[in-house]
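Asker: My file is work-v2.pdb. It has PDB, C-alpha atoms:
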ATOM      1  CA  MET A   1       0.000   0.000   0.000  1.00  0.00           C
ATOM      2  CA  SER A   2       1.345   3.425  -0.927  1.00  0.00           C
ATOM      3  CA  ILE A   3       2.183   5.882   1.830  1.00  0.00           C
ATOM      4  CA  TYR A   4       0.546   8.649  -0.216  1.00  0.00           C
ATOM      5  CA  LYS A   5      -3.187   9.348   0.071  1.00  0.00           C
ATOM      6  CA  ASP A   6      -3.347  10.579  -3.524  1.00  0.00           C
ATOM      7  CA  ALA A   7      -1.529   7.542  -4.951  1.00  0.00           C
ATOM      8  CA  LYS A   8      -2.336   6.805  -8.587  1.00  0.00           C
ATOM      9  CA  TYR A   9      -2.785   3.548 -10.508  1.00  0.00           C
ATOM     10  CA  MET A  10      -4.442   1.850  -7.568  1.00  0.00           C
ATOM     11  CA  ASP A  11      -6.644   0.011 -10.064  1.00  0.00           C
ATOM     12  CA  VAL A  12      -3.597  -1.848 -11.388  1.00  0.00           C
ATOM     13  CA  PRO A  13      -3.253  -5.247  -9.689  1.00  0.00           C
ATOM     14  CA  PHE A  14      -0.585  -5.259  -7.000  1.00  0.00           C
ATOM     15  CA  GLU A  15       0.829  -8.472  -8.451  1.00  0.00           C
ATOM     16  CA  GLU A  16       1.555  -6.686 -11.749  1.00  0.00           C
ATOM     17  CA  LYS A  17       3.410  -3.905  -9.931  1.00  0.00           C
ATOM     18  CA  GLN A  18       5.336  -6.430  -7.838  1.00  0.00           C
ATOM     19  CA  LYS A  19       6.379  -8.307 -10.981  1.00  0.00           C
ATOM     20  CA  LEU A  20       7.952  -5.157 -12.438  1.00  0.00           C
ATOM     21  CA  PHE A  21       9.648  -4.310  -9.141  1.00  0.00           C
ATOM     22  CA  ASP A  22      11.121  -7.806  -8.936  1.00  0.00           C
ATOM     23  CA  GLN A  23      12.479  -7.439 -12.470  1.00  0.00           C
ATOM     24  CA  VAL A  24      14.244  -4.207 -11.504  1.00  0.00           C
ATOM     25  CA  LYS A  25      15.622  -5.670  -8.290  1.00  0.00           C
ATOM     26  CA  GLY A  26      16.652  -8.857 -10.091  1.00  0.00           C
ATOM     27  CA  ASP A  27      18.731  -7.001 -12.655  1.00  0.00           C
ATOM     28  CA  MET A  28      22.419  -7.983 -12.579  1.00  0.00           C
ATOM     29  CA  ARG A  29      23.401  -4.332 -12.014  1.00  0.00           C
ATOM     30  CA  TRP A  30      21.326  -3.922  -8.860  1.00  0.00           C
ATOM     31  CA  ASP A  31      24.030  -4.733  -6.300  1.00  0.00           C
ATOM     32  CA  HIS A  32      26.459  -2.339  -8.004  1.00  0.00           C
ATOM     33  CA  ILE A  33      24.179   0.687  -8.257  1.00  0.00           C
ATOM     34  CA  PHE A  34      21.993   0.530  -5.147  1.00  0.00           C
ATOM     35  CA  ASN A  35      23.440   1.141  -1.698  1.00  0.00           C
ATOM     36  CA  GLY A  36      20.606   2.883   0.101  1.00  0.00           C
ATOM     37  CA  CYS A  37      20.078   6.571   0.826  1.00  0.00           C
ATOM     38  CA  TYR A  38      21.317   9.023   3.486  1.00  0.00           C
ATOM     39  CA  GLU A  39      18.591  11.499   2.405  1.00  0.00           C
ATOM     40  CA  CYS A  40      21.307  14.150   2.106  1.00  0.00           C
ATOM     41  CA  GLY A  41      19.910  15.593  -1.130  1.00  0.00           C
ATOM     42  CA  ILE A  42      23.244  15.833  -2.943  1.00  0.00           C
ATOM     43  CA  CYS A  43      21.846  13.953  -5.952  1.00  0.00           C
ATOM     44  CA  VAL A  44      18.934  16.406  -6.193  1.00  0.00           C
ATOM     45  CA  ALA A  45      21.240  19.419  -5.928  1.00  0.00           C
ATOM     46  CA  ALA A  46      23.325  18.077  -8.810  1.00  0.00           C
ATOM     47  CA  CYS A  47      20.380  17.038 -10.985  1.00  0.00           C
ATOM     48  CA  PRO A  48      19.571  19.348 -13.951  1.00  0.00           C
ATOM     49  CA  SER A  49      16.163  17.745 -14.438  1.00  0.00           C
ATOM     50  CA  ALA A  50      15.208  18.684 -10.870  1.00  0.00           C
ATOM     51  CA  ARG A  51      15.534  22.343 -11.887  1.00  0.00           C
ATOM     52  CA  PHE A  52      12.904  22.101 -14.602  1.00  0.00           C
ATOM     53  CA  TYR A  53      10.586  19.247 -13.607  1.00  0.00           C
ATOM     54  CA  ASP A  54       8.856  17.973 -10.508  1.00  0.00           C
ATOM     55  CA  PHE A  55      11.599  15.376 -10.400  1.00  0.00           C
ATOM     56  CA  SER A  56      13.887  14.020  -7.702  1.00  0.00           C
ATOM     57  CA  PRO A  57      16.463  11.231  -8.083  1.00  0.00           C
ATOM     58  CA  ARG A  58      16.393  10.844  -4.314  1.00  0.00           C
ATOM     59  CA  VAL A  59      12.717   9.823  -4.430  1.00  0.00           C
ATOM     60  CA  PHE A  60      13.614   6.923  -6.705  1.00  0.00           C
ATOM     61  CA  VAL A  61      16.274   5.590  -4.347  1.00  0.00           C
ATOM     62  CA  GLN A  62      14.103   6.053  -1.273  1.00  0.00           C
ATOM     63  CA  THR A  63      11.129   4.348  -2.929  1.00  0.00           C
ATOM     64  CA  LEU A  64      13.236   1.376  -3.964  1.00  0.00           C
ATOM     65  CA  GLU A  65      14.848   1.209  -0.528  1.00  0.00           C
ATOM     66  CA  ARG A  66      11.551   0.957   1.331  1.00  0.00           C
ATOM     67  CA  GLU A  67      10.072  -1.256  -1.419  1.00  0.00           C
ATOM     68  CA  ASP A  68       7.021   0.966  -1.825  1.00  0.00           C
ATOM     69  CA  ILE A  69       5.581  -0.966  -4.762  1.00  0.00           C
ATOM     70  CA  ASP A  70       2.706   1.425  -5.472  1.00  0.00           C
ATOM     71  CA  THR A  71       4.910   4.516  -5.581  1.00  0.00           C
ATOM     72  CA  PHE A  72       7.486   2.600  -7.615  1.00  0.00           C
ATOM     73  CA  TYR A  73       4.845   1.885 -10.256  1.00  0.00           C
ATOM     74  CA  GLU A  74       3.746   5.526 -10.242  1.00  0.00           C
ATOM     75  CA  LEU A  75       7.333   6.682 -10.765  1.00  0.00           C
ATOM     76  CA  MET A  76       7.779   4.193 -13.598  1.00  0.00           C
ATOM     77  CA  ASN A  77       4.756   5.646 -15.364  1.00  0.00           C
ATOM     78  CA  ASP A  78       4.998   9.353 -14.574  1.00  0.00           C
ATOM     79  CA  SER A  79       8.570  10.363 -13.758  1.00  0.00           C
ATOM     80  CA  VAL A  80      11.108   7.847 -15.032  1.00  0.00           C
ATOM     81  CA  TRP A  81      11.353   9.560 -18.431  1.00  0.00           C
ATOM     82  CA  ASP A  82      12.136  12.986 -16.935  1.00  0.00           C
ATOM     83  CA  CYS A  83      15.717  11.929 -16.135  1.00  0.00           C
ATOM     84  CA  SER A  84      18.285  13.449 -18.518  1.00  0.00           C
ATOM     85  CA  GLN A  85      20.670  10.499 -17.961  1.00  0.00           C
ATOM     86  CA  CYS A  86      23.624  12.820 -17.270  1.00  0.00           C
ATOM     87  CA  PHE A  87      24.572  10.789 -14.159  1.00  0.00           C
ATOM     88  CA  SER A  88      25.453  13.873 -12.114  1.00  0.00           C
ATOM     89  CA  CYS A  89      23.769  11.993  -9.273  1.00  0.00           C
ATOM     90  CA  THR A  90      26.704   9.559  -9.074  1.00  0.00           C
ATOM     91  CA  ARG A  91      28.302  11.898  -6.512  1.00  0.00           C
ATOM     92  CA  CYS A  92      26.139  10.147  -3.911  1.00  0.00           C
ATOM     93  CA  PRO A  93      28.189   9.617  -0.703  1.00  0.00           C
ATOM     94  CA  ARG A  94      26.745   6.109  -0.383  1.00  0.00           C
ATOM     95  CA  GLU A  95      27.772   5.378  -3.981  1.00  0.00           C
ATOM     96  CA  SER A  96      24.234   4.730  -5.085  1.00  0.00           C
ATOM     97  CA  ASN A  97      23.553   5.565  -8.713  1.00  0.00           C
ATOM     98  CA  PRO A  98      20.005   6.910  -9.165  1.00  0.00           C
ATOM     99  CA  GLY A  99      20.577   7.455 -12.878  1.00  0.00           C
ATOM    100  CA  ALA A 100      21.521   3.816 -13.396  1.00  0.00           C
ATOM    101  CA  LEU A 101      18.524   2.672 -11.339  1.00  0.00           C
ATOM    102  CA  ILE A 102      16.306   4.784 -13.572  1.00  0.00           C
ATOM    103  CA  THR A 103      17.977   3.223 -16.626  1.00  0.00           C
ATOM    104  CA  VAL A 104      17.023  -0.232 -15.343  1.00  0.00           C
ATOM    105  CA  MET A 105      13.471   0.927 -14.631  1.00  0.00           C
ATOM    106  CA  ARG A 106      13.206   2.289 -18.162  1.00  0.00           C
ATOM    107  CA  GLU A 107      14.378  -0.990 -19.629  1.00  0.00           C
ATOM    108  CA  VAL A 108      11.794  -2.889 -17.572  1.00  0.00           C
ATOM    109  CA  ALA A 109       9.097  -0.434 -18.716  1.00  0.00           C
ATOM    110  CA  VAL A 110      10.094  -0.994 -22.358  1.00  0.00           C
ATOM    111  CA  ASN A 111      10.368  -4.770 -22.045  1.00  0.00           C
ATOM    112  CA  ASN A 112       6.876  -4.906 -20.559  1.00  0.00           C
ATOM    113  CA  GLY A 113       5.387  -2.553 -23.143  1.00  0.00           C
ATOM    114  CA  LEU A 114       4.094   0.016 -20.641  1.00  0.00           C
ATOM    115  CA  ASN A 115       2.058   2.790 -22.235  1.00  0.00           C
ATOM    116  CA  SER A 116       4.308   5.353 -20.542  1.00  0.00           C
ATOM    117  CA  ALA A 117       7.296   3.965 -22.429  1.00  0.00           C
ATOM    118  CA  LYS A 118       5.424   3.911 -25.729  1.00  0.00           C
ATOM    119  CA  GLU A 119       4.321   7.506 -25.275  1.00  0.00           C
ATOM    120  CA  ALA A 120       7.754   8.748 -24.195  1.00  0.00           C
ATOM    121  CA  LEU A 121       9.539   7.078 -27.107  1.00  0.00           C
ATOM    122  CA  LYS A 122       6.918   7.683 -29.803  1.00  0.00           C
ATOM    123  CA  ALA A 123       8.848  10.515 -31.420  1.00  0.00           C
ATOM    124  CA  TYR A 124      11.988   8.413 -31.656  1.00  0.00           C
ATOM    125  CA  SER A 125      10.510   5.767 -33.953  1.00  0.00           C
ATOM    126  CA  ARG A 126      11.737   7.742 -36.942  1.00  0.00           C
ATOM    127  CA  ILE A 127      15.239   7.982 -35.490  1.00  0.00           C
ATOM    128  CA  ILE A 128      15.315   4.246 -34.735  1.00  0.00           C
ATOM    129  CA  TYR A 129      14.254   3.457 -38.276  1.00  0.00           C
ATOM    130  CA  LYS A 130      16.796   5.894 -39.717  1.00  0.00           C
ATOM    131  CA  ILE A 131      19.655   4.443 -37.658  1.00  0.00           C
ATOM    132  CA  MET A 132      18.842   0.888 -38.621  1.00  0.00           C
ATOM    133  CA  SER A 133      18.079   1.466 -42.284  1.00  0.00           C
ATOM    134  CA  THR A 134      20.683   4.108 -43.102  1.00  0.00           C
ATOM    135  CA  GLY A 135      23.350   3.936 -40.399  1.00  0.00           C
ATOM    136  CA  THR A 136      22.996   7.574 -39.407  1.00  0.00           C
ATOM    137  CA  GLN A 137      20.802   9.171 -36.800  1.00  0.00           C
ATOM    138  CA  VAL A 138      19.047  12.272 -37.997  1.00  0.00           C
ATOM    139  CA  ALA A 139      18.759  14.742 -40.852  1.00  0.00           C
ATOM    140  CA  PRO A 140      18.011  18.447 -40.302  1.00  0.00           C
ATOM    141  CA  ASP A 141      14.406  18.308 -41.543  1.00  0.00           C
ATOM    142  CA  MET A 142      13.507  15.786 -38.836  1.00  0.00           C
ATOM    143  CA  LEU A 143      14.113  18.375 -36.111  1.00  0.00           C
ATOM    144  CA  GLN A 144      10.563  19.643 -35.615  1.00  0.00           C
ATOM    145  CA  PRO A 145       8.826  20.718 -32.383  1.00  0.00           C
ATOM    146  CA  ASP A 146       5.942  18.288 -32.874  1.00  0.00           C
ATOM    147  CA  ALA A 147       8.363  15.365 -33.138  1.00  0.00           C
ATOM    148  CA  PHE A 148      10.570  16.287 -30.180  1.00  0.00           C
ATOM    149  CA  PRO A 149       8.553  18.349 -27.679  1.00  0.00           C
ATOM    150  CA  ASP A 150      10.802  17.172 -24.854  1.00  0.00           C
ATOM    151  CA  TRP A 151      13.738  19.021 -26.418  1.00  0.00           C
ATOM    152  CA  GLY A 152      12.202  22.304 -25.316  1.00  0.00           C
ATOM    153  CA  PRO A 153      12.406  25.649 -27.158  1.00  0.00           C
ATOM    154  CA  HIS A 154      15.788  24.818 -28.686  1.00  0.00           C
ATOM    155  CA  VAL A 155      14.260  22.477 -31.258  1.00  0.00           C
ATOM    156  CA  LYS A 156      12.007  25.295 -32.502  1.00  0.00           C
ATOM    157  CA  GLU A 157      15.065  27.481 -33.008  1.00  0.00           C
ATOM    158  CA  ILE A 158      16.550  24.708 -35.144  1.00  0.00           C
ATOM    159  CA  SER A 159      13.382  24.206 -37.185  1.00  0.00           C
ATOM    160  CA  ASP A 160      13.111  27.966 -37.759  1.00  0.00           C
ATOM    161  CA  ASN A 161      16.631  28.006 -39.186  1.00  0.00           C
ATOM    162  CA  LEU A 162      16.660  24.843 -41.291  1.00  0.00           C
ATOM    163  CA  GLU A 163      18.284  26.656 -44.196  1.00  0.00           C
ATOM    164  CA  TYR A 164      21.473  27.087 -42.169  1.00  0.00           C
ATOM    165  CA  TRP A 165      21.378  23.532 -40.814  1.00  0.00           C
ATOM    166  CA  ARG A 166      21.021  22.165 -44.332  1.00  0.00           C
ATOM    167  CA  ARG A 167      24.174  24.042 -45.270  1.00  0.00           C
ATOM    168  CA  ALA A 168      25.998  22.570 -42.282  1.00  0.00           C
ATOM    169  CA  LEU A 169      24.731  19.037 -42.965  1.00  0.00           C
ATOM    170  CA  PRO A 170      23.839  19.190 -46.665  1.00  0.00           C
ATOM    171  CA  PRO A 171      21.465  16.427 -47.760  1.00  0.00           C
ATOM    172  CA  GLU A 172      21.161  15.553 -51.407  1.00  0.00           C
ATOM    173  CA  THR A 173      18.229  17.919 -51.822  1.00  0.00           C
ATOM    174  CA  LEU A 174      16.932  20.835 -49.794  1.00  0.00           C
ATOM    175  CA  HIS A 175      13.433  19.516 -49.094  1.00  0.00           C
ATOM    176  CA  THR A 176      13.847  15.912 -47.952  1.00  0.00           C
ATOM    177  CA  VAL A 177      15.350  13.949 -45.082  1.00  0.00           C
ATOM    178  CA  GLU A 178      18.010  12.351 -47.277  1.00  0.00           C
ATOM    179  CA  LEU A 179      21.433  11.619 -45.824  1.00  0.00           C
ATOM    180  CA  ALA A 180      24.150  14.159 -45.321  1.00  0.00           C
ATOM    181  CA  TRP A 181      26.659  11.336 -45.814  1.00  0.00           C
ATOM    182  CA  ASP A 182      26.611   7.728 -46.941  1.00  0.00           C
ATOM    183  CA  VAL A 183      27.135   4.736 -44.655  1.00  0.00           C
ATOM    184  CA  SER A 184      28.240   1.465 -46.234  1.00  0.00           C
ATOM    185  CA  VAL A 185      25.802  -1.434 -46.499  1.00  0.00           C
ATOM    186  CA  GLU A 186      28.226  -3.599 -44.486  1.00  0.00           C
ATOM    187  CA  THR A 187      28.135  -1.142 -41.599  1.00  0.00           C
ATOM    188  CA  ARG A 188      24.340  -0.980 -41.644  1.00  0.00           C
ATOM    189  CA  LEU A 189      24.041  -4.759 -41.694  1.00  0.00           C
ATOM    190  CA  GLU A 190      26.528  -5.129 -38.868  1.00  0.00           C
ATOM    191  CA  LEU A 191      24.565  -2.607 -36.833  1.00  0.00           C
ATOM    192  CA  PHE A 192      21.330  -4.484 -37.493  1.00  0.00           C
ATOM    193  CA  MET A 193      22.847  -7.817 -36.465  1.00  0.00           C
ATOM    194  CA  ILE A 194      24.236  -6.320 -33.237  1.00  0.00           C
ATOM    195  CA  TRP A 195      20.793  -4.991 -32.340  1.00  0.00           C
ATOM    196  CA  LYS A 196      19.153  -8.266 -33.369  1.00  0.00           C
ATOM    197  CA  LEU A 197      21.478 -10.582 -31.459  1.00  0.00           C
ATOM    198  CA  THR A 198      21.621  -8.458 -28.301  1.00  0.00           C
ATOM    199  CA  GLY A 199      17.833  -8.303 -27.980  1.00  0.00           C
ATOM    200  CA  ASN A 200      17.472  -4.605 -28.743  1.00  0.00           C
ATOM    201  CA  LEU A 201      15.068  -5.288 -31.614  1.00  0.00           C
ATOM    202  CA  GLU A 202      12.786  -7.130 -29.197  1.00  0.00           C
ATOM    203  CA  MET A 203      12.684  -3.973 -27.085  1.00  0.00           C
ATOM    204  CA  ILE A 204      11.731  -1.984 -30.173  1.00  0.00           C
ATOM    205  CA  GLU A 205       8.933  -4.482 -30.886  1.00  0.00           C
ATOM    206  CA  ASN A 206       7.480  -3.832 -27.431  1.00  0.00           C
ATOM    207  CA  ILE A 207       7.372  -0.095 -28.125  1.00  0.00           C
ATOM    208  CA  ASP A 208       6.480   0.131 -31.817  1.00  0.00           C
ATOM    209  CA  GLU A 209       5.506  -3.099 -33.520  1.00  0.00           C
ATOM    210  CA  GLY A 210       5.065  -1.336 -36.869  1.00  0.00           C
ATOM    211  CA  ILE A 211       8.639  -0.055 -36.961  1.00  0.00           C
ATOM    212  CA  PHE A 212       9.874  -3.475 -35.825  1.00  0.00           C
ATOM    213  CA  MET A 213       8.087  -5.288 -38.645  1.00  0.00           C
ATOM    214  CA  ILE A 214       9.388  -2.855 -41.258  1.00  0.00           C
ATOM    215  CA  LEU A 215      12.948  -3.170 -39.978  1.00  0.00           C
ATOM    216  CA  GLU A 216      12.785  -6.950 -39.893  1.00  0.00           C
ATOM    217  CA  GLU A 217      11.509  -7.136 -43.441  1.00  0.00           C
ATOM    218  CA  VAL A 218      13.815  -4.517 -44.949  1.00  0.00           C
ATOM    219  CA  MET A 219      17.016  -5.499 -43.177  1.00  0.00           C
ATOM    220  CA  GLU A 220      16.653  -9.270 -43.440  1.00  0.00           C
ATOM    221  CA  GLU A 221      16.025  -8.877 -47.172  1.00  0.00           C
ATOM    222  CA  LEU A 222      19.183  -6.773 -47.364  1.00  0.00           C
ATOM    223  CA  LEU A 223      21.096  -9.442 -45.437  1.00  0.00           C
ATOM    224  CA  GLU A 224      19.981 -12.099 -47.854  1.00  0.00           C
ATOM    225  CA  GLU A 225      20.922  -9.964 -50.878  1.00  0.00           C
ATOM    226  CA  HIS A 226      24.481  -9.644 -49.578  1.00  0.00           C
ATOM    227  CA  GLY A 227      24.965 -13.270 -48.644  1.00  0.00           C
ATOM    228  CA  TYR A 228      24.589 -13.011 -44.879  1.00  0.00           C
ATOM    229  CA  ASP A 229      22.884 -15.796 -42.978  1.00  0.00           C
ATOM    230  CA  LEU A 230      21.445 -14.472 -39.729  1.00  0.00           C
ATOM    231  CA  ASP A 231      20.883 -18.010 -38.424  1.00  0.00           C
ATOM    232  CA  ASP A 232      24.645 -18.649 -38.614  1.00  0.00           C
ATOM    233  CA  TYR A 233      25.329 -15.629 -36.386  1.00  0.00           C
ATOM    234  CA  GLU A 234      22.660 -16.674 -33.901  1.00  0.00           C
ATOM    235  CA  ASN A 235      24.210 -20.147 -33.706  1.00  0.00           C
ATOM    236  CA  VAL A 236      27.607 -18.624 -32.992  1.00  0.00           C
ATOM    237  CA  ILE A 237      26.151 -16.587 -30.124  1.00  0.00           C
ATOM    238  CA  GLU A 238      24.359 -19.633 -28.679  1.00  0.00           C
ATOM    239  CA  ASP A 239      27.537 -21.742 -28.842  1.00  0.00           C
TER
END
Do you think you could lay out the structure here as structure tokens?

Answerer:
Amino acid sequence: MSIYKDAKYMDVPFEEKQKLFDQVKGDMRWDHIFNGCYECGICVAACPSARFYDFSPRVFVQTLEREDIDTFYELMNDSVWDCSQCFSCTRCPRESNPGALITVMREVAVNNGLNSAKEALKAYSRIIYKIMSTGTQVAPDMLQPDAFPDWGPHVKEISDNLEYWRRALPPETLHTVELAWDVSVETRLELFMIWKLTGNLEMIENIDEGIFMILEEVMEELLEEHGYDLDDYENVIED
């Protein structure tokens, strides 16, 4: 039971929340990144996200320490994506790492297909597809406020000055999201196989099944065209 009277998500079965908590606590990194909390507030003082959001890395550590399952689930849905992942919080005198704990919580949220994860990562579907299919991350025309609202006012400044960004990263034409440089097919295929064999594509499937299906179809066809056998690589990993 949450210690807060206004706790949210109380309609979610406790067993579901406990399952996610156990996955976080069972992560192999847990013993290296969690050492309790002095409640000194140093992590909050160092945290840039705490300056702009109702966000506190200390709350995450304290919630995990007292195993408050209801508040843990609320944090996983409402606050876990506010972390900027700068790891300034590693100056904790107890050597806890709130940023790493949040990383694990994010991975659990993605692996379980939580709506909060899908919503937070919705804008990045295009970037994921571009990385996997082209080998490069982003072209200037993709930087639009509606796609990346979490980037704040800076992304609007970029979109308002696309002419200058196109000159700095010149795509083949001035009105598309074509590449500013070419990445070899071998590099793109190697990148795809790394993501495939390490399980990252499964995480993408949990967030955006459409992007996953397109990537699978496009990249596996490309593998076949260039004489790669994905099954051979999977066998090597299993051995």

Asker: Applied to the shown file, which residues does the PyMOL selection byres ((chain A and resi 35) around 6) return, written as a PyMOL selection string?

Answerer: chain A and resi 34+36+96

Asker: Evaluate the PyMOL selection byres ((chain A and resi 55) around 10) against this structure - the residues, as number ranges by chain, please.

Answerer: A: 44, 47-54, 56-60, 75, 78-83

Asker: Would you mind reading off the distance between atom CA of Phe192 of chain A and atom CA of Ser133 of chain A, one decimal, in Å?

Answerer: 8.3 Å

Asker: Leaving out segment 185-190 of chain A and any residue of its chain fewer than 6 positions from it, which residues lie within 8 Å of it when counting only C-alpha atoms, given as a PyMOL selection string?

Answerer: chain A and resi 132-135+219+222-223

Asker: So which one's closest to Lys25 of chain A, A:Gln62, A:Glu95, A:Met105, A:Lys156? Using all atoms listed in the file, please.

Answerer: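 Between A:Gln62, A:Glu95, A:Met105, A:Lys156, the residue approaching Lys25 of chain A most closely is A:Met105.
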
Asker: Build an axis-aligned box that encloses every atom of segment 113-131 of chain A listed in the file, pad it by 5 Å on each side, and report its centre and edge lengths in Å to one decimal, as AutoDock Vina command-line options.

Answerer:
--center_x 10.9 --center_y 4.0 --center_z -30.1 --size_x 27.6 --size_y 23.1 --size_z 29.2
